[in-house]
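Okay, structure first, notes after.
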Amino acid sequence: MTATSLPFQPHPLVSYFRVGRLLYGALFLFLLESWVYWVELKEAYTADSVFWTSFWIWSFGFSFIHIFLVMADGWSRYQNYKRAKDQFFMHGFHPRIADMYIVSKCQRMAAEVAAEELGIADEVRAHYAHRGVKWYHYVPYFMVADPLFLIRKDFWSRTFLEKNYTPRFDFRTMQTEMAR
């Protein structure tokens, strides 16, 4: 791939939201859910109901913590997107690159958005289809294979604590220079 054949490059914020669109939909639901649980918690507390107060504290806590987990997951998927975009730009479509992001729906979406912005999305999607990935494969494969995934360091680092990746290329500048 060369800068002369580079498709339109959206603003990074647009890419950020496209990469995590499922996650940000879940974020909205967790915000809404937390608000509902908070209202119920206040009512139960006012009514001096120990059982319902405990139930709503647990429900609110579960939902509220997920707000931050979803935001961290979105950030990590954006780091995957930036890395995948650089890799696809340098090497073109290569199955080994696509396979690095096959583990979860969100990682696949990060790779697909990167590939789409480079004009090779059809190849990446065809590869995932060839590997048996279906549109409804939302649950990450490692969760099915390893029921103890929550206690694994790799789960926490790859899902929520992905290191910041600084892209090697400024695709928007390259596109602007190409247009001159």
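Order determines the names: the first chain of the structure tokens is A, the second B, and so forth; residues in each chain are numbered 1 upward, and ligands are numbered 1 upward as they are shown.
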task: Within range 11-168 of chain A, find each residue whose DSSP state, derived from the backbone, is alpha helix (DSSP H), and express the selection as a ChimeraX atom specification.
output: /A:12-19,21-46,50-91,95-99,105-118,121-130,141-145,153-159
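The closest residue to Ala145 in chain A, picked from A:Met90, A:Ile65, A:Val70, A:Val103 and counting only C-alpha atoms, is A:Val103.
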message: Using only C-alpha atoms, which protein or nucleic acid residues come within 12 Å of range 12-28 of chain A? Drop anything in the same chain fewer than 2 positions from it, and give the result as a VMD selection string.
response: chain A and resid 8 to 10 30 to 35 63 to 82 84 to 85 105 to 117 138 167 170 to 172
query: So what do you get for CA of Phe89 in chain A versus CA of Leu118 in chain A, distance-wise?
result: 7.1 Å
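Between Glu177 in chain A and the residues A:Leu6, A:Ile57, A:Met143, A:Arg152, the shortest atom-to-atom distance, using only C-alpha atoms, involves A:Leu6.
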